[in-house]
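Peer 1: One file: target_9.csv (CSV, C-alpha atoms).
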```
chain,number,residue,atom,x,y,z
A,184,MET,CA,97.0,129.8,93.5
A,185,ALA,CA,94.2,127.4,92.7
A,186,ASP,CA,95.5,127.0,89.2
A,187,GLY,CA,99.0,125.9,90.3
A,188,ARG,CA,97.6,123.4,92.7
A,189,ARG,CA,95.2,122.1,90.1
A,190,GLU,CA,98.0,121.7,87.5
A,191,VAL,CA,99.9,119.6,90.1
A,192,ALA,CA,96.8,117.5,90.9
A,193,LEU,CA,96.2,116.9,87.2
A,194,ALA,CA,99.8,115.8,86.6
A,195,GLN,CA,99.5,113.4,89.6
A,196,LEU,CA,96.3,111.9,88.2
A,197,ALA,CA,97.8,111.6,84.7
A,198,ARG,CA,100.7,109.7,86.3
A,199,GLU,CA,98.3,107.3,88.0
A,200,LEU,CA,96.4,106.8,84.8
A,201,ARG,CA,99.7,105.8,83.2
A,202,LEU,CA,99.6,108.6,80.7
A,203,ALA,CA,102.9,109.8,79.2
A,204,PRO,CA,104.7,112.6,81.1
A,205,ALA,CA,102.9,115.2,79.1
A,206,GLY,CA,99.7,113.3,79.5
A,207,ALA,CA,97.9,115.9,81.6
A,208,ALA,CA,97.0,117.5,78.3
A,209,ASP,CA,95.0,114.4,77.5
A,210,LEU,CA,92.9,115.1,80.5
A,211,ALA,CA,91.8,118.5,79.2
A,212,PHE,CA,88.2,117.3,79.5
A,213,LEU,CA,88.6,117.5,83.3
A,214,ALA,CA,89.1,121.3,83.0
A,215,ASP,CA,86.1,122.0,85.3
A,216,VAL,CA,87.2,119.6,88.0
A,217,ASP,CA,88.9,121.3,91.0
A,218,ALA,CA,92.1,120.2,92.6
A,219,ALA,CA,90.5,118.6,95.6
A,220,ASP,CA,88.3,116.4,93.5
A,221,LEU,CA,91.2,115.5,91.2
A,222,ASP,CA,93.1,114.4,94.3
A,223,ALA,CA,90.1,112.4,95.4
A,224,VAL,CA,89.7,110.7,92.0
A,225,ARG,CA,93.4,109.9,92.1
A,226,ARG,CA,93.1,108.3,95.5
A,227,HIS,CA,90.2,106.1,94.3
A,228,VAL,CA,92.2,105.2,91.1
A,229,VAL,CA,95.2,104.1,93.3
A,230,ALA,CA,93.0,102.1,95.6
A,231,ALA,CA,91.1,100.4,92.7
A,232,ARG,CA,94.4,99.5,91.0
A,233,TYR,CA,95.8,98.0,94.1
A,234,ALA,CA,92.7,96.1,94.9
A,235,ARG,CA,92.3,94.7,91.3
A,236,HIS,CA,95.4,92.4,91.6
A,237,ASP,CA,95.9,92.3,95.3
A,238,HIS,CA,95.7,88.5,95.6
A,239,ARG,CA,98.3,88.2,92.9
A,240,PHE,CA,100.7,90.6,94.6
A,241,GLU,CA,100.2,88.6,97.8
A,242,ARG,CA,101.2,85.4,95.9
A,243,ILE,CA,104.3,87.1,94.5
A,244,ALA,CA,105.2,88.2,98.0
A,245,THR,CA,104.8,84.5,99.1
A,246,LEU,CA,107.1,83.5,96.2
A,247,THR,CA,109.8,86.0,97.3
A,248,ARG,CA,109.7,84.6,100.8
A,249,MET,CA,110.6,81.1,99.5
A,250,LEU,CA,113.5,82.3,97.4
A,251,PRO,CA,117.0,83.2,98.7
A,252,ALA,CA,117.2,87.1,98.9
A,253,GLY,CA,119.7,87.4,96.0
A,254,LEU,CA,117.4,85.4,93.7
A,255,ALA,CA,114.3,87.2,94.9
A,256,ALA,CA,116.0,90.5,94.0
A,257,ARG,CA,116.9,89.1,90.5
A,258,VAL,CA,113.3,88.0,90.0
A,259,ALA,CA,112.1,91.4,91.0
A,260,GLU,CA,114.4,93.3,88.6
A,261,ALA,CA,114.4,90.9,85.7
A,262,ALA,CA,110.9,89.4,85.8
A,263,LEU,CA,108.5,91.5,87.9
A,264,GLY,CA,109.5,95.0,86.7
A,265,PRO,CA,109.0,98.2,88.7
A,266,LEU,CA,105.3,98.3,88.7
A,267,VAL,CA,104.6,94.8,89.9
A,268,ALA,CA,107.6,95.0,92.3
A,269,ALA,CA,106.1,98.2,93.8
A,270,ARG,CA,102.7,96.7,94.2
A,271,THR,CA,104.2,93.5,95.7
A,272,ALA,CA,106.2,95.5,98.2
A,273,GLY,CA,102.9,96.7,99.6
A,274,ARG,CA,102.0,93.1,100.5
A,275,MET,CA,105.3,92.4,102.3
A,276,GLU,CA,106.3,93.0,105.8
A,277,PRO,CA,108.2,96.4,105.8
A,278,THR,CA,111.4,94.9,107.1
A,279,GLU,CA,111.2,92.1,104.6
A,280,ALA,CA,110.6,94.6,101.7
A,281,ALA,CA,113.4,96.8,103.0
A,282,ARG,CA,115.9,93.8,103.1
A,283,LEU,CA,114.9,93.0,99.5
A,284,ALA,CA,115.2,96.6,98.5
A,285,GLU,CA,118.8,96.8,99.7
A,286,ARG,CA,119.7,94.1,97.2
A,287,LEU,CA,118.1,96.0,94.2
A,288,SER,CA,120.0,98.4,92.1
A,289,PRO,CA,119.4,102.1,93.0
A,290,ALA,CA,118.3,102.7,89.4
A,291,PHE,CA,115.6,100.0,89.6
A,292,LEU,CA,114.6,101.2,93.1
A,293,ALA,CA,114.1,104.7,91.6
A,294,ASP,CA,111.8,103.1,88.9
A,295,VAL,CA,109.9,101.2,91.7
A,296,THR,CA,109.5,104.4,93.7
A,297,THR,CA,107.6,106.1,90.8
A,298,HIS,CA,105.0,103.4,91.2
A,299,LEU,CA,104.8,103.3,95.0
A,300,ASP,CA,101.9,104.8,96.8
A,301,PRO,CA,103.5,107.0,99.5
A,302,ALA,CA,100.6,106.4,101.8
A,303,ARG,CA,101.4,102.7,101.8
A,304,ALA,CA,105.2,102.9,101.7
A,305,GLY,CA,106.0,104.8,104.8
A,306,ALA,CA,107.0,101.8,106.9
A,307,ILE,CA,109.2,100.5,104.1
A,308,VAL,CA,110.9,103.8,103.6
A,309,ALA,CA,111.5,104.1,107.3
A,310,ALA,CA,113.2,100.7,107.3
A,311,LEU,CA,115.7,101.7,104.5
A,312,PRO,CA,119.1,103.0,105.2
A,313,GLN,CA,119.4,106.8,104.7
A,314,PRO,CA,122.3,106.6,102.2
A,315,LEU,CA,120.2,104.4,99.9
A,316,LEU,CA,117.2,106.8,100.2
A,317,VAL,CA,119.5,109.7,99.3
A,318,GLU,CA,121.0,107.9,96.3
A,319,VAL,CA,117.6,107.0,95.0
A,320,GLY,CA,116.3,110.5,95.6
A,321,ARG,CA,119.2,112.0,93.7
A,322,LEU,CA,118.6,109.6,90.8
A,323,LEU,CA,115.0,110.8,90.7
A,324,LEU,CA,116.2,114.4,90.9
A,325,ALA,CA,118.6,113.8,88.0
A,326,ARG,CA,115.7,112.5,86.0
A,327,GLY,CA,113.7,115.6,86.8
A,328,ASP,CA,111.0,113.5,88.5
A,329,HIS,CA,109.8,116.3,90.8
A,330,LEU,CA,106.4,114.6,91.0
A,331,THR,CA,107.7,111.5,92.7
A,332,LEU,CA,110.1,113.4,94.9
A,333,GLY,CA,107.3,115.8,96.0
A,334,ARG,CA,105.0,112.9,96.8
A,335,PHE,CA,107.6,111.4,99.1
A,336,VAL,CA,108.2,114.6,101.1
A,337,GLY,CA,107.0,113.8,104.6
A,338,VAL,CA,107.5,110.0,103.9
A,339,MET,CA,111.3,110.3,103.5
A,340,PRO,CA,112.9,111.5,106.7
A,341,ALA,CA,113.4,115.2,106.4
A,342,ALA,CA,117.2,114.8,106.8
A,343,ALA,CA,117.3,112.6,103.7
A,344,SER,CA,115.1,114.9,101.7
A,345,VAL,CA,117.5,117.8,102.6
A,346,ARG,CA,120.5,115.8,101.4
A,347,VAL,CA,118.7,115.0,98.2
A,348,VAL,CA,118.0,118.7,97.4
A,349,ALA,CA,121.2,120.1,98.9
A,350,ASP,CA,122.7,120.8,95.4
A,351,ALA,CA,119.5,121.0,93.5
A,352,ALA,CA,118.8,124.0,91.3
A,353,PRO,CA,116.3,126.5,92.8
A,354,GLY,CA,113.8,125.6,90.1
A,355,ASP,CA,114.0,121.9,91.0
A,356,LEU,CA,113.5,122.6,94.7
A,357,LEU,CA,110.4,124.7,93.9
A,358,ALA,CA,109.0,122.1,91.6
A,359,ILE,CA,109.4,119.4,94.3
A,360,ALA,CA,107.8,121.6,96.9
A,361,LEU,CA,104.8,122.3,94.7
A,362,HIS,CA,104.3,118.5,94.2
A,363,ALA,CA,104.4,117.8,98.0
A,364,GLU,CA,101.3,116.3,99.5
A,365,ASP,CA,102.3,116.5,103.1
A,366,ALA,CA,102.4,120.2,104.2
A,367,ALA,CA,103.9,119.4,107.6
A,368,GLY,CA,106.6,117.3,106.0
A,369,LEU,CA,107.3,120.2,103.6
A,370,ASP,CA,107.6,122.6,106.5
A,371,GLU,CA,110.1,120.3,108.1
A,372,VAL,CA,112.3,120.2,105.0
A,373,LEU,CA,112.1,123.9,104.5
A,374,ALA,CA,113.0,124.5,108.2
A,375,ALA,CA,116.2,122.5,107.6
A,376,LEU,CA,117.2,124.4,104.5
A,377,PRO,CA,119.5,127.4,104.8
A,378,ASP,CA,118.3,131.0,104.0
A,379,THR,CA,120.5,131.1,101.0
A,380,THR,CA,118.7,128.1,99.4
A,381,LEU,CA,115.3,129.6,100.2
A,382,LEU,CA,116.3,133.0,98.8
A,383,ALA,CA,117.5,131.3,95.6
A,384,THR,CA,114.2,129.5,95.4
A,385,LEU,CA,112.2,132.8,95.9
A,386,ALA,CA,114.4,134.4,93.2
A,387,ALA,CA,113.7,131.6,90.8
A,388,ALA,CA,110.0,131.9,91.5
A,389,ALA,CA,110.1,135.7,91.0
A,390,ASP,CA,112.0,135.4,87.7
A,391,ASP,CA,109.2,133.1,86.6
A,392,GLY,CA,106.4,135.5,87.4
A,393,GLY,CA,106.0,134.8,91.1
A,394,GLY,CA,103.1,132.5,90.8
A,395,ALA,CA,105.0,129.5,92.1
A,396,ALA,CA,106.0,131.4,95.2
A,397,VAL,CA,102.3,132.1,95.9
A,398,ASP,CA,101.5,128.5,95.4
A,399,LEU,CA,104.2,127.5,97.8
A,400,ILE,CA,102.9,129.9,100.4
A,401,GLY,CA,99.5,128.3,99.9
A,402,LEU,CA,101.0,124.9,100.7
A,403,VAL,CA,103.2,125.6,103.7
A,404,GLY,CA,102.4,126.4,107.3
A,405,ARG,CA,102.5,129.8,109.1
A,406,THR,CA,106.1,129.4,110.3
A,407,SER,CA,107.4,128.7,106.8
A,408,THR,CA,105.4,131.6,105.4
A,409,VAL,CA,106.8,134.0,107.9
A,410,ARG,CA,110.3,132.8,107.1
A,411,LEU,CA,109.8,133.3,103.4
A,412,LEU,CA,108.4,136.8,104.0
A,413,ASP,CA,111.3,137.6,106.3
A,414,LEU,CA,113.6,136.9,103.4
A,415,LEU,CA,111.9,139.5,101.2
A,416,PRO,CA,114.3,142.4,102.1
A,417,ASP,CA,117.3,140.3,100.9
A,418,LEU,CA,115.9,140.1,97.4
A,419,PRO,CA,116.6,142.8,94.8
A,420,ARG,CA,113.7,145.3,94.3
A,421,PRO,CA,112.5,144.0,90.9
A,422,ARG,CA,112.1,140.5,92.4
A,423,GLN,CA,110.4,141.8,95.5
A,424,ARG,CA,107.9,143.6,93.2
A,425,ALA,CA,107.4,140.5,91.0
A,426,LEU,CA,106.5,138.4,94.1
A,427,ALA,CA,104.2,141.2,95.5
A,428,ALA,CA,102.5,141.5,92.2
A,429,ALA,CA,101.9,137.7,92.1
A,430,VAL,CA,100.3,137.8,95.6
A,431,VAL,CA,98.0,140.7,94.5
A,432,ARG,CA,97.1,138.9,91.2
A,433,ALA,CA,96.3,135.6,93.1
A,434,HIS,CA,94.5,137.4,96.0
A,435,ALA,CA,96.6,135.2,98.3
A,436,TRP,CA,95.8,137.3,101.3
A,437,LEU,CA,94.3,134.4,103.2
A,438,HIS,CA,97.8,133.0,103.5
A,439,VAL,CA,99.8,136.2,103.7
A,440,LEU,CA,97.9,138.5,106.0
A,441,PRO,CA,97.8,136.2,109.1
A,442,ALA,CA,101.6,135.9,108.7
A,443,LEU,CA,102.3,139.6,108.6
A,444,VAL,CA,101.7,139.9,112.4
A,445,HIS,CA,104.8,137.7,112.9
A,446,VAL,CA,107.2,139.0,110.3
A,447,GLU,CA,110.2,141.1,111.1
A,448,PRO,CA,109.6,144.9,111.0
A,449,VAL,CA,112.1,145.3,108.2
A,450,ALA,CA,110.3,142.8,106.1
A,451,LEU,CA,106.9,144.5,106.8
A,452,ARG,CA,108.4,147.9,105.9
A,453,THR,CA,109.8,146.4,102.7
A,454,LEU,CA,106.5,144.9,101.8
A,455,LEU,CA,104.5,148.1,102.4
A,456,SER,CA,107.0,150.1,100.4
A,457,LEU,CA,106.3,148.2,97.3
A,458,PRO,CA,103.9,150.0,94.9
A,459,GLU,CA,102.0,146.8,94.3
A,460,ILE,CA,101.1,146.7,98.0
A,461,ALA,CA,101.0,150.4,98.8
A,462,ASP,CA,98.1,150.9,96.6
A,463,PRO,CA,95.3,152.8,98.5
A,464,ALA,CA,92.6,151.0,96.7
A,465,LEU,CA,94.1,147.6,97.6
A,466,LEU,CA,94.8,148.6,101.2
A,467,GLY,CA,91.2,149.9,101.5
A,468,GLU,CA,89.9,146.7,100.1
A,469,LEU,CA,92.0,144.6,102.6
A,470,LEU,CA,90.9,146.8,105.5
A,471,GLY,CA,87.3,146.5,104.4
A,472,THR,CA,87.0,150.1,103.4
A,473,PRO,CA,86.8,150.1,99.7
A,474,THR,CA,88.5,153.1,98.1
A,475,ALA,CA,88.0,154.2,94.6
A,476,ARG,CA,90.9,153.1,92.4
A,477,ARG,CA,92.9,155.8,90.8
A,478,PRO,CA,92.3,156.0,87.1
B,234,MET,CA,88.4,84.1,78.2
B,235,PRO,CA,89.9,80.7,78.9
B,236,GLY,CA,93.6,80.9,79.7
B,237,ASP,CA,93.5,84.6,80.8
B,238,LEU,CA,95.3,85.2,84.0
B,239,VAL,CA,93.4,88.4,84.8
B,240,PRO,CA,89.9,89.6,84.2
B,241,ALA,CA,89.0,91.8,81.2
B,242,PRO,CA,89.4,95.5,82.0
B,243,GLN,CA,85.6,96.1,82.0
B,244,ALA,CA,84.5,96.5,85.7
B,245,GLY,CA,80.8,96.0,84.9
B,246,PRO,CA,78.4,95.4,82.0
B,247,PRO,CA,79.3,97.8,79.2
B,248,ASP,CA,75.7,98.9,78.9
B,249,LEU,CA,75.7,100.3,82.4
B,250,PRO,CA,75.2,104.1,82.5
B,251,VAL,CA,78.6,105.7,82.4
B,252,ARG,CA,78.2,107.1,86.0
B,253,SER,CA,77.7,103.7,87.5
B,254,ARG,CA,80.4,102.1,85.3
B,255,LEU,CA,83.0,104.7,86.2
B,256,ALA,CA,82.0,104.5,89.9
B,257,GLY,CA,82.5,100.7,89.7
B,258,ARG,CA,85.8,101.1,88.1
B,259,LEU,CA,86.9,103.4,90.9
B,260,GLY,CA,85.7,101.0,93.5
B,261,LEU,CA,82.7,103.2,94.5
B,262,PRO,CA,79.1,102.2,94.9
B,263,PRO,CA,76.9,103.0,91.8
B,264,ALA,CA,75.9,106.5,93.1
B,265,GLY,CA,79.4,107.1,94.5
B,266,LEU,CA,80.5,109.7,92.0
B,267,ALA,CA,78.3,112.2,93.8
B,268,GLU,CA,80.9,112.4,96.5
B,269,LEU,CA,83.4,113.7,94.0
B,270,GLY,CA,81.8,117.1,93.7
B,271,SER,CA,82.9,118.9,90.6
B,272,LEU,CA,83.7,115.6,88.8
B,273,ALA,CA,80.1,114.5,89.3
B,274,ARG,CA,79.0,117.6,87.5
B,275,LEU,CA,80.8,116.7,84.3
B,276,ASN,CA,78.7,115.7,81.4
B,277,ASP,CA,78.4,112.1,80.3
B,278,ALA,CA,80.8,112.6,77.3
B,279,ALA,CA,83.6,113.8,79.7
B,280,LEU,CA,82.9,110.9,82.1
B,281,GLU,CA,83.0,108.4,79.1
B,282,ARG,CA,86.5,109.7,78.3
B,283,LEU,CA,87.7,109.4,81.9
B,284,ASP,CA,86.2,105.9,82.0
B,285,ALA,CA,88.1,105.0,78.8
B,286,VAL,CA,91.4,106.4,80.1
B,287,LEU,CA,91.0,104.4,83.3
B,288,ALA,CA,90.0,101.2,81.4
B,289,ALA,CA,93.1,101.6,79.3
B,290,ALA,CA,95.3,102.0,82.4
B,291,GLN,CA,93.7,98.9,84.0
B,292,ALA,CA,94.2,96.9,80.8
B,293,ASP,CA,97.9,98.0,80.7
B,294,GLU,CA,98.4,96.9,84.3
B,295,ASP,CA,96.6,93.6,83.6
B,296,ARG,CA,99.0,92.9,80.8
B,297,GLU,CA,102.0,93.9,83.0
B,298,VAL,CA,100.9,91.6,85.9
B,299,ARG,CA,100.3,88.7,83.5
B,300,ARG,CA,103.7,89.1,81.9
B,301,ALA,CA,105.4,89.5,85.4
B,302,LEU,CA,103.8,86.3,86.8
B,303,ARG,CA,104.9,84.2,83.8
B,304,ALA,CA,108.4,85.7,83.8
B,305,ALA,CA,108.8,85.2,87.5
B,306,VAL,CA,108.2,81.4,87.2
B,307,ARG,CA,110.6,81.2,84.2
B,308,LEU,CA,113.3,82.8,86.2
B,309,VAL,CA,113.1,80.5,89.2
B,310,PRO,CA,115.6,77.6,89.1
B,311,PRO,CA,114.1,74.3,87.9
B,312,LEU,CA,114.3,72.8,91.4
B,313,LEU,CA,112.0,75.5,92.8
B,314,ARG,CA,109.9,76.0,89.7
B,315,ARG,CA,107.1,73.7,90.7
B,316,ARG,CA,106.7,75.3,94.1
B,317,ALA,CA,106.9,78.8,92.5
B,318,GLY,CA,104.2,77.9,90.0
B,319,ALA,CA,102.0,76.5,92.8
B,320,ALA,CA,102.5,79.7,94.8
B,321,LEU,CA,101.7,82.0,91.8
B,322,PHE,CA,99.0,79.9,90.2
B,323,PRO,CA,97.3,78.0,93.0
B,324,HIS,CA,94.3,77.2,90.7
B,325,GLY,CA,96.4,75.9,87.8
B,326,PRO,CA,98.8,77.5,85.3
B,327,ASP,CA,96.0,79.0,83.2
B,328,ARG,CA,94.1,80.6,86.0
B,329,GLY,CA,95.5,83.4,88.0
```
Represent the supplied structure as structure tokens.
Peer 2:
Amino acid sequence: MADGRREVALAQLARELRLAPAGAADLAFLADVDAADLDAVRRHVVAARYARHDHRFERIATLTRMLPAGLAARVAEAALGPLVAARTAGRMEPTEAARLAERLSPAFLADVTTHLDPARAGAIVAALPQPLLVEVGRLLLARGDHLTLGRFVGVMPAAASVRVVADAAPGDLLAIALHAEDAAGLDEVLAALPDTTLLATLAAAADDGGGAAVDLIGLVGRTSTVRLLDLLPDLPRPRQRALAAAVVRAHAWLHVLPALVHVEPVALRTLLSLPEIADPALLGELLGTPTARRP
Amino acid sequence: MPGDLVPAPQAGPPDLPVRSRLAGRLGLPPAGLAELGSLARLNDAALERLDAVLAAAQADEDREVRRALRAAVRLVPPLLRRRAGAALFPHGPDRG
């Protein structure tokens, strides 16, 4: 589980360091840095980059105030570019930034979004009309930018996020979820998705070895974990086994065991019927009574 | 360098030990890397590489900001250009 989270943290840091999309490989020398510290480094990188030119972004914000809105939008798209426009948005009043954003093309807004710090953009996003958020979100989805979409889970209203991923492929949904930084926001989105979508997502994870489903369970809250486990009986047996094997491999019991008290009896029976789980040595280990593994 | 709108990417004197230099670049006090647990345990060679990547990112952003400021003034209609220039370059056109 830690490896999946670490991979995500490394990709997010690579993005902040302006490395190419495959740039996480250029950070191989950070192999011994854990996910939490990679996240902390990224937060410092973001803060340092904002602070470095903050007074200049403030001046650009002043300039946009003295221009008619249409011209300000043209300056943003044709002169500032997405990076500087994103930084400048952080120095504007949210309503002012939102009014300007509504005059920008959705494609440019999608570019800007990749440079926005979600922690600073919440008020602006809240002031934008939902149809525009959905349009920009779908553009990012079409570009395969799961990282940006994941970072905005919890910042975008859940209803908008659900509309963005309504027709997404299960693998896309999983990738976005794994890049989410706001666990409560992710729970809210998952709660609004139908069982069929979650089932398809679990199936995609199972077909890919199951590790991503384990990572997902590590991210979400108890209610979402219980719901995902309750869906287990609806999956074909090979996929059930793939997911169970991934849980065993990752020792993800810290997240799974507390949820078992709340799952439906049929889901519990399904889980316990899987050979990966119904292993006396494993059960003994979980119950604190180690049993010799069969040869 | 005269005429530069933004500072050079180096956050501190280049002869600073890499830990202090990287901390400065991250906006931390000189001993601030210690709060970054497993990162602080990296050897100096790895920290030098991180410092170089971060310096390059900052230099890229410096260039981008410089380009954007100049392009923004050019795009403003002549009637407003003087005011726009004064807003973006309050200390003169060569000093950002």
Peer 1: Compile the residues of chain B that lie within 9 Å of chain A, evaluated using all atoms listed in the file, and express the compilation as number ranges by chain.
Peer 2: B: 239, 258-261, 268-275, 279-280, 282-283, 286-287, 289-291, 293-295, 297-298, 300-309, 313, 316-318, 320-323, 329
Peer 1: Please compute the atom CA of B:Glu281-atom CA of B:Leu249 distance, one decimal, in Å.
Peer 2: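 Atom CA of B:Leu249 lies 11.4 Å from atom CA of B:Glu281.
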Peer 1: For A:Gly368, list every protein, DNA or RNA residue within 12 Å, evaluated using all atoms listed in the file, and leave out those in the same chain fewer than 4 positions away; present the list as a list in words.
Peer 2: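 Counting only the stated atoms, we get Gly333, Arg334, Phe335, Val336, Gly337, Val338, Met339, Pro340, Ala341, Ala342, Ala343, Ser344, Val345, Ala360, Ala363, Glu364, Val372, Leu373, Ala374, Ala375, Leu402, Val403, Gly404 and Ser407 of chain A.
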Peer 1: In Å, rounded to a single decimal, give me how far atom CA of A:Arg410 is from atom CA of A:Leu323.
Peer 2: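 Atom-to-atom, atom CA of A:Leu323 to atom CA of A:Arg410, that is 27.8 Å.
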Peer 1: Do a neighbour search on A:His434 at 12 Å with all atoms listed in the file, toss out local chain neighbours closer than 4 positions, and write the hits as a ChimeraX atom specification.
Peer 2: /A:184-185,394,397-398,401,427-430,438-440,460,465,468-469
Peer 1: Figure out the distance between atom CA of A:Leu376 and atom CA of A:Ala425, please, to one decimal in Å.
Peer 2: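 Interatomic distance, atom CA of A:Ala425 to atom CA of A:Leu376: 23.2 Å.
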Peer 1: So that I can check the surroundings of B:Pro250, please list as number ranges by chain every protein, DNA and RNA residue that reaches within 9 Å of it, counting all atoms listed in the file and ignoring chain neighbours fewer than 4 positions away.
Peer 2: B: 254-255, 277
Peer 1: Smallest atom-to-atom distance to B:Pro310: which of A:Asp350, A:Gly467, A:Pro251, A:Pro441, using only C-alpha atoms?
Peer 2: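 With only C-alpha atoms as the atom set, the closest residue is A:Pro251.
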Peer 1: Which residue gives the smallest distance to A:Leu385 among A:Pro314, A:Pro416, A:Pro458, A:Gly327, with all atoms listed in the file counted?
Peer 2: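 Once distances to A:Leu385 are computed over all atoms listed in the file, the minimum belongs to A:Pro416.
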Peer 1: Determine, counting only C-alpha atoms, every residue of protein, DNA or RNA that lies within 9 Å of (107.6, 101.1, 95.1) in the file coordinates, then give the result as a list in words.
Peer 2: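 Residues with an atom at most 9 Å from (107.6, 101.1, 95.1): Pro265, Leu266, Val267, Ala268, Ala269, Arg270, Thr271, Ala272, Gly273, Leu292, Ala293, Asp294, Val295, Thr296, Thr297, His298, Leu299, Asp300, Pro301 and Ala304 of chain A.
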Peer 1: Go ahead and write the residues just picked, C-alpha atoms, as a short mmCIF file (atom, residue, chain, number, x, y, z; two decimals), keeping the file's coordinate frame.
Peer 2:
```
data_model
loop_
_atom_site.label_atom_id
_atom_site.label_comp_id
_atom_site.auth_asym_id
_atom_site.auth_seq_id
_atom_site.Cartn_x
_atom_site.Cartn_y
_atom_site.Cartn_z
CA PRO A 265 109.00 98.20 88.70
CA LEU A 266 105.30 98.30 88.70
CA VAL A 267 104.60 94.80 89.90
CA ALA A 268 107.60 95.00 92.30
CA ALA A 269 106.10 98.20 93.80
CA ARG A 270 102.70 96.70 94.20
CA THR A 271 104.20 93.50 95.70
CA ALA A 272 106.20 95.50 98.20
CA GLY A 273 102.90 96.70 99.60
CA LEU A 292 114.60 101.20 93.10
CA ALA A 293 114.10 104.70 91.60
CA ASP A 294 111.80 103.10 88.90
CA VAL A 295 109.90 101.20 91.70
CA THR A 296 109.50 104.40 93.70
CA THR A 297 107.60 106.10 90.80
CA HIS A 298 105.00 103.40 91.20
CA LEU A 299 104.80 103.30 95.00
CA ASP A 300 101.90 104.80 96.80
CA PRO A 301 103.50 107.00 99.50
CA ALA A 304 105.20 102.90 101.70
#
```
Peer 1: Would you fill out stretch 267-283 of chain B with N, CA and C atoms and return it as a PDB file, keeping the file's coordinate frame?
Peer 2:
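The new file rebuild37.pdb reads:
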```pdb
ATOM      1  N   ALA B 267      78.816 110.933  93.221  1.00  0.00           N
ATOM      2  CA  ALA B 267      78.300 112.200  93.800  1.00  0.00           C
ATOM      3  C   ALA B 267      79.191 112.732  94.864  1.00  0.00           C
ATOM      4  N   GLU B 268      79.989 111.872  95.502  1.00  0.00           N
ATOM      5  CA  GLU B 268      80.900 112.400  96.500  1.00  0.00           C
ATOM      6  C   GLU B 268      82.112 113.090  95.951  1.00  0.00           C
ATOM      7  N   LEU B 269      82.241 113.031  94.624  1.00  0.00           N
ATOM      8  CA  LEU B 269      83.400 113.700  94.000  1.00  0.00           C
ATOM      9  C   LEU B 269      83.000 115.013  93.371  1.00  0.00           C
ATOM     10  N   GLY B 270      82.153 115.743  94.048  1.00  0.00           N
ATOM     11  CA  GLY B 270      81.800 117.100  93.700  1.00  0.00           C
ATOM     12  C   GLY B 270      81.813 117.529  92.292  1.00  0.00           C
ATOM     13  N   SER B 271      82.880 118.262  91.949  1.00  0.00           N
ATOM     14  CA  SER B 271      82.900 118.900  90.600  1.00  0.00           C
ATOM     15  C   SER B 271      83.083 117.797  89.525  1.00  0.00           C
ATOM     16  N   LEU B 272      83.597 116.621  89.850  1.00  0.00           N
ATOM     17  CA  LEU B 272      83.700 115.600  88.800  1.00  0.00           C
ATOM     18  C   LEU B 272      82.280 115.067  88.493  1.00  0.00           C
ATOM     19  N   ALA B 273      81.449 114.956  89.520  1.00  0.00           N
ATOM     20  CA  ALA B 273      80.100 114.500  89.300  1.00  0.00           C
ATOM     21  C   ALA B 273      79.283 115.411  88.416  1.00  0.00           C
ATOM     22  N   ARG B 274      79.718 116.672  88.352  1.00  0.00           N
ATOM     23  CA  ARG B 274      79.000 117.600  87.500  1.00  0.00           C
ATOM     24  C   ARG B 274      79.397 117.610  86.056  1.00  0.00           C
ATOM     25  N   LEU B 275      80.409 116.816  85.724  1.00  0.00           N
ATOM     26  CA  LEU B 275      80.800 116.700  84.300  1.00  0.00           C
ATOM     27  C   LEU B 275      79.722 116.058  83.496  1.00  0.00           C
ATOM     28  N   ASN B 276      79.698 116.368  82.204  1.00  0.00           N
ATOM     29  CA  ASN B 276      78.700 115.700  81.400  1.00  0.00           C
ATOM     30  C   ASN B 276      79.125 114.273  81.045  1.00  0.00           C
ATOM     31  N   ASP B 277      78.181 113.510  80.513  1.00  0.00           N
ATOM     32  CA  ASP B 277      78.400 112.100  80.300  1.00  0.00           C
ATOM     33  C   ASP B 277      79.589 111.858  79.302  1.00  0.00           C
ATOM     34  N   ALA B 278      79.727 112.774  78.329  1.00  0.00           N
ATOM     35  CA  ALA B 278      80.800 112.600  77.300  1.00  0.00           C
ATOM     36  C   ALA B 278      82.166 112.667  78.023  1.00  0.00           C
ATOM     37  N   ALA B 279      82.334 113.628  78.932  1.00  0.00           N
ATOM     38  CA  ALA B 279      83.600 113.800  79.700  1.00  0.00           C
ATOM     39  C   ALA B 279      83.831 112.532  80.544  1.00  0.00           C
ATOM     40  N   LEU B 280      82.769 112.068  81.188  1.00  0.00           N
ATOM     41  CA  LEU B 280      82.900 110.900  82.100  1.00  0.00           C
ATOM     42  C   LEU B 280      83.260 109.643  81.235  1.00  0.00           C
ATOM     43  N   GLU B 281      82.687 109.549  80.021  1.00  0.00           N
ATOM     44  CA  GLU B 281      83.000 108.400  79.100  1.00  0.00           C
ATOM     45  C   GLU B 281      84.526 108.441  78.822  1.00  0.00           C
ATOM     46  N   ARG B 282      85.058 109.652  78.604  1.00  0.00           N
ATOM     47  CA  ARG B 282      86.500 109.700  78.300  1.00  0.00           C
ATOM     48  C   ARG B 282      87.340 109.339  79.465  1.00  0.00           C
ATOM     49  N   LEU B 283      86.933 109.774  80.661  1.00  0.00           N
ATOM     50  CA  LEU B 283      87.700 109.400  81.900  1.00  0.00           C
ATOM     51  C   LEU B 283      87.601 107.863  82.051  1.00  0.00           C
TER      52      LEU B 283
END
```
